[in-house]
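Colleague: See protein37.txt below, with compact mmCIF, C-alpha atoms.
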# COMPACT_ATOMS: atom_id res chain seq x y z
CA MET W 22 27.72 55.02 127.19
CA LYS W 23 28.30 57.15 124.07
CA ARG W 24 30.57 59.48 126.03
CA LEU W 25 32.64 56.53 127.26
CA ASN W 26 33.02 55.20 123.72
CA LYS W 27 34.12 58.61 122.40
CA LYS W 28 36.64 58.90 125.21
CA ARG W 29 37.95 55.39 124.54
CA ILE W 30 38.24 56.13 120.81
CA LEU W 31 40.08 59.38 121.50
CA LEU W 32 42.53 57.66 123.85
CA THR W 33 43.12 54.91 121.28
CA VAL W 34 43.80 57.47 118.54
CA ILE W 35 46.26 59.31 120.79
CA ALA W 36 48.05 56.07 121.68
CA VAL W 37 48.33 55.02 118.02
CA ALA W 38 49.56 58.50 117.03
CA THR W 39 52.21 58.38 119.76
CA VAL W 40 53.45 55.01 118.55
CA LEU W 41 53.54 56.21 114.92
CA VAL W 42 55.47 59.36 115.83
CA THR W 43 57.98 57.30 117.81
CA ILE W 44 58.49 54.91 114.88
CA LEU W 45 58.79 57.79 112.42
CA MET W 46 61.43 59.49 114.57
CA ALA W 47 63.40 56.26 114.86
CA VAL W 48 63.33 55.66 111.10
CA THR W 49 63.95 59.21 109.90
CA GLY W 50 65.07 61.90 112.27
CA GLY W 51 65.53 60.04 115.50
CA SER W 52 69.20 59.56 114.71
CA LYS W 53 69.63 63.33 114.84
CA SER W 54 69.49 63.14 118.60
CA LEU W 55 71.68 60.05 118.92
CA LYS W 56 74.43 60.81 121.43
CA LEU W 57 77.78 59.26 120.55
CA GLU W 58 80.04 60.98 123.04
CA SER W 59 82.38 58.09 123.79
CA GLU W 60 84.53 55.95 121.55
CA LYS W 61 82.60 52.89 122.74
CA GLU W 62 79.27 54.49 121.73
CA ARG W 63 80.60 55.43 118.28
CA ARG W 64 81.97 51.94 117.63
CA SER W 65 78.75 50.38 118.90
CA TYR W 66 76.70 52.56 116.53
CA ILE W 67 78.94 51.62 113.60
CA SER W 68 78.45 47.93 114.38
CA THR W 69 74.64 48.40 114.23
CA LEU W 70 75.17 49.37 110.59
CA GLY W 71 76.80 45.98 109.95
CA ILE W 72 80.21 47.60 109.60
CA THR W 73 83.39 46.41 111.24
CA VAL W 74 86.22 48.90 111.71
CA SER W 75 89.88 48.42 112.53
CA GLU W 76 91.16 48.64 116.08
CA GLU W 77 93.18 51.72 115.13
CA PRO W 78 91.95 54.92 116.74
CA PRO W 79 89.91 57.12 114.43
CA VAL W 80 91.25 60.18 112.70
CA ILE W 81 89.56 63.10 114.47
CA ARG W 82 89.13 66.45 112.73
CA ASN W 83 87.46 69.65 113.84
CA ILE W 84 85.35 70.96 110.97
CA VAL W 85 83.01 73.87 110.32
CA ILE W 86 79.74 73.29 108.51
CA PRO W 87 79.79 76.04 105.85
CA THR W 88 77.32 78.90 106.19
CA GLU W 89 76.91 78.94 102.41
CA PHE W 90 76.60 75.53 100.75
CA SER W 91 78.56 75.14 97.51
CA ALA W 92 77.15 72.85 94.80
CA VAL W 93 79.29 70.02 96.17
CA TYR W 94 78.11 70.57 99.73
CA LYS W 95 74.48 70.78 98.59
CA LYS W 96 74.94 67.38 96.93
CA TYR W 97 76.57 66.04 100.11
CA ASN W 98 73.66 67.32 102.18
CA GLU W 99 71.21 65.59 99.83
CA LEU W 100 73.09 62.37 100.63
CA GLN W 101 72.66 63.19 104.32
CA LYS W 102 68.93 63.78 103.90
CA GLN W 103 68.56 60.31 102.35
CA SER W 104 69.89 58.94 105.65
CA GLY W 105 67.63 61.08 107.84
CA PHE W 106 70.12 63.86 108.55
CA ASP W 107 70.23 67.50 107.43
CA LEU W 108 73.30 69.67 107.88
CA TRP W 109 71.39 72.83 106.90
CA ASP W 110 70.47 73.59 110.53
CA TYR W 111 74.17 73.42 111.51
CA ARG W 112 75.48 76.00 109.02
CA GLY W 113 78.37 77.93 110.54
CA GLU W 114 78.69 75.54 113.48
CA PHE W 115 81.83 73.73 114.61
CA ALA W 116 81.56 69.94 114.48
CA VAL W 117 83.87 66.95 114.88
CA GLN W 118 84.44 64.34 112.20
CA TYR W 119 85.55 60.84 113.22
CA THR W 120 87.00 58.69 110.42
CA TYR W 121 87.37 54.93 110.85
CA ILE W 122 88.91 52.31 108.56
CA VAL W 123 86.27 49.81 107.45
CA THR W 124 87.48 46.21 107.36
CA ASN W 125 84.47 44.29 106.04
CA TYR W 126 83.09 46.28 103.08
CA LYS W 127 82.50 44.01 100.08
CA ASN W 128 82.34 45.24 96.50
CA ASP W 129 79.96 43.95 93.81
CA LYS W 130 82.25 40.97 93.22
CA GLY W 131 82.07 39.97 96.89
CA GLU W 132 85.68 41.00 97.51
CA ILE W 133 86.70 42.98 100.59
CA GLU W 134 87.54 46.57 99.69
CA GLN W 135 90.71 47.84 101.36
CA ASP W 136 90.21 51.59 100.97
CA VAL W 137 86.83 52.19 102.63
CA ARG W 138 86.21 54.63 105.45
CA ILE W 139 83.22 55.58 107.56
CA ASN W 140 82.90 59.19 108.69
CA LEU W 141 80.70 60.27 111.57
CA ILE W 142 79.94 63.98 112.00
CA LEU W 143 79.03 65.01 115.54
CA TYR W 144 77.81 68.31 116.93
CA GLU W 145 77.97 68.63 120.71
CA GLY W 146 78.23 64.84 120.90
CA LYS W 147 75.16 64.25 118.71
CA LEU W 148 75.35 62.41 115.40
CA ILE W 149 74.30 64.88 112.68
CA GLY W 150 75.64 63.16 109.56
CA GLY W 151 78.22 60.93 108.01
CA ASP W 152 79.09 58.74 105.09
CA ILE W 153 80.74 55.55 103.92
CA SER W 154 83.24 56.15 101.15
CA SER W 155 86.16 54.76 99.23
CA THR W 156 89.42 56.69 99.12
CA ARG W 157 90.24 55.31 95.67
CA LEU W 158 90.26 57.67 92.71
CA ASP W 159 87.29 55.80 91.19
CA GLY W 160 85.69 55.39 94.63
CA PHE W 161 82.18 55.90 95.92
CA MET W 162 80.32 57.72 98.66
CA LYS W 163 77.03 56.73 100.23
CA GLY W 164 74.99 57.65 103.26
CA LEU W 165 75.06 55.85 106.58
CA ARG W 166 71.72 54.18 105.80
Take the structure from the file and write it as structure tokens.

Modeller:
Amino acid sequence: MKRLNKKRILLTVIAVATVLVTILMAVTGGSKSLKLESEKERRSYISTLGITVSEEPPVIRNIVIPTEFSAVYKKYNELQKQSGFDLWDYRGEFAVQYTYIVTNYKNDKGEIEQDVRINLILYEGKLIGGDISSTRLDGFMKGLR
């Protein structure tokens, strides 16, 4: 009987640990493996953030994640880390940046901002970072989450 109870307890602990790891990956790093290879997948992901983008096709740029992070890039990567991403592991790698025009971003006054963009950075089709930012001179930049 004792052996059965120990086995049952062990199986319960393993099951709970598995669930916790799954939740932790979904909340923090799970997005690192999110595949967004098609335009439909990218737009669907953006909509899960509560963001609406224009029907215009995105601006697509090939970029290289720097091997050496400048002070600005270190700050940008800190922003990425707050959203569960980390560009450090992709130093020196080629990536693709997709930029969409946001149509429903409201400022503090509840007014729709006209100059807001969302950038998604993908490496081999996987989302590895991004931001929401204003193109205005006094604009802002924040993480995807």

Colleague: For region 66-82 of chain W, list every protein, DNA or RNA residue within 9 Å, evaluated using all atoms listed in the file, and leave out those in the same chain fewer than 2 positions away; present the list as a PyMOL selection string.

Modeller: chain W and resi 57+60-64+84+116-126+138-139+165-166

Colleague: Excluding region 106-115 of chain W and any residue of its chain fewer than 2 positions from it, enumerate the residues within 8 Å of it, using only C-alpha atoms, and give them as number ranges by chain.

Modeller: W: 49-50, 52-53, 83-89, 98-99, 101-104, 117, 144, 149-150

Colleague: Write out, as a PDB file, keeping the file's coordinate frame, the residues just selected, with C-alpha atoms.

Modeller:
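Output saved as result31.pdb:
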ATOM      1  CA  THR W  49      63.950  59.210 109.900  1.00  0.00           C
ATOM      2  CA  GLY W  50      65.070  61.900 112.270  1.00  0.00           C
ATOM      3  CA  SER W  52      69.200  59.560 114.710  1.00  0.00           C
ATOM      4  CA  LYS W  53      69.630  63.330 114.840  1.00  0.00           C
ATOM      5  CA  ASN W  83      87.460  69.650 113.840  1.00  0.00           C
ATOM      6  CA  ILE W  84      85.350  70.960 110.970  1.00  0.00           C
ATOM      7  CA  VAL W  85      83.010  73.870 110.320  1.00  0.00           C
ATOM      8  CA  ILE W  86      79.740  73.290 108.510  1.00  0.00           C
ATOM      9  CA  PRO W  87      79.790  76.040 105.850  1.00  0.00           C
ATOM     10  CA  THR W  88      77.320  78.900 106.190  1.00  0.00           C
ATOM     11  CA  GLU W  89      76.910  78.940 102.410  1.00  0.00           C
ATOM     12  CA  ASN W  98      73.660  67.320 102.180  1.00  0.00           C
ATOM     13  CA  GLU W  99      71.210  65.590  99.830  1.00  0.00           C
ATOM     14  CA  GLN W 101      72.660  63.190 104.320  1.00  0.00           C
ATOM     15  CA  LYS W 102      68.930  63.780 103.900  1.00  0.00           C
ATOM     16  CA  GLN W 103      68.560  60.310 102.350  1.00  0.00           C
ATOM     17  CA  SER W 104      69.890  58.940 105.650  1.00  0.00           C
ATOM     18  CA  VAL W 117      83.870  66.950 114.880  1.00  0.00           C
ATOM     19  CA  TYR W 144      77.810  68.310 116.930  1.00  0.00           C
ATOM     20  CA  ILE W 149      74.300  64.880 112.680  1.00  0.00           C
ATOM     21  CA  GLY W 150      75.640  63.160 109.560  1.00  0.00           C
TER      22      GLY W 150
END

Colleague: Go through W:Ser65, W:Gly164, W:Lys127, W:Asp159 one by one, measure the shortest atom-to-atom distance of each to Ile142 (chain W) using only C-alpha atoms, and give the residue with the smallest value.

Modeller: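 Selected residue with least distance to Ile142 (chain W): W:Gly164.
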
Colleague: One number please: CA of Asp136 (chain W) to CA of Lys56 (chain W), in Å, one decimal.

Modeller: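 Between CA of Asp136 (chain W) and CA of Lys56 (chain W) the gap works out to 27.4 Å.
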
Colleague: Which distance in Å separates CA of Ile153 (chain W) and CA of Ile133 (chain W), to one decimal?

Modeller: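 Between these atoms lies a distance of 14.3 Å.
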
Colleague: Calculated over all atoms listed in the file, which of the candidates W:Tyr97, W:Ser154, W:Ser91, W:Gly160 has the smallest distance to Asn140 (chain W)?

Modeller: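 Among W:Tyr97, W:Ser154, W:Ser91, W:Gly160, it is W:Ser154 that comes nearest to Asn140 (chain W).
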
Colleague: Please report the interatomic distance between CA of Glu132 (chain W) and CA of Ser155 (chain W) in Å with one decimal.

Modeller: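 Here the two named atoms are 13.9 Å from each other.
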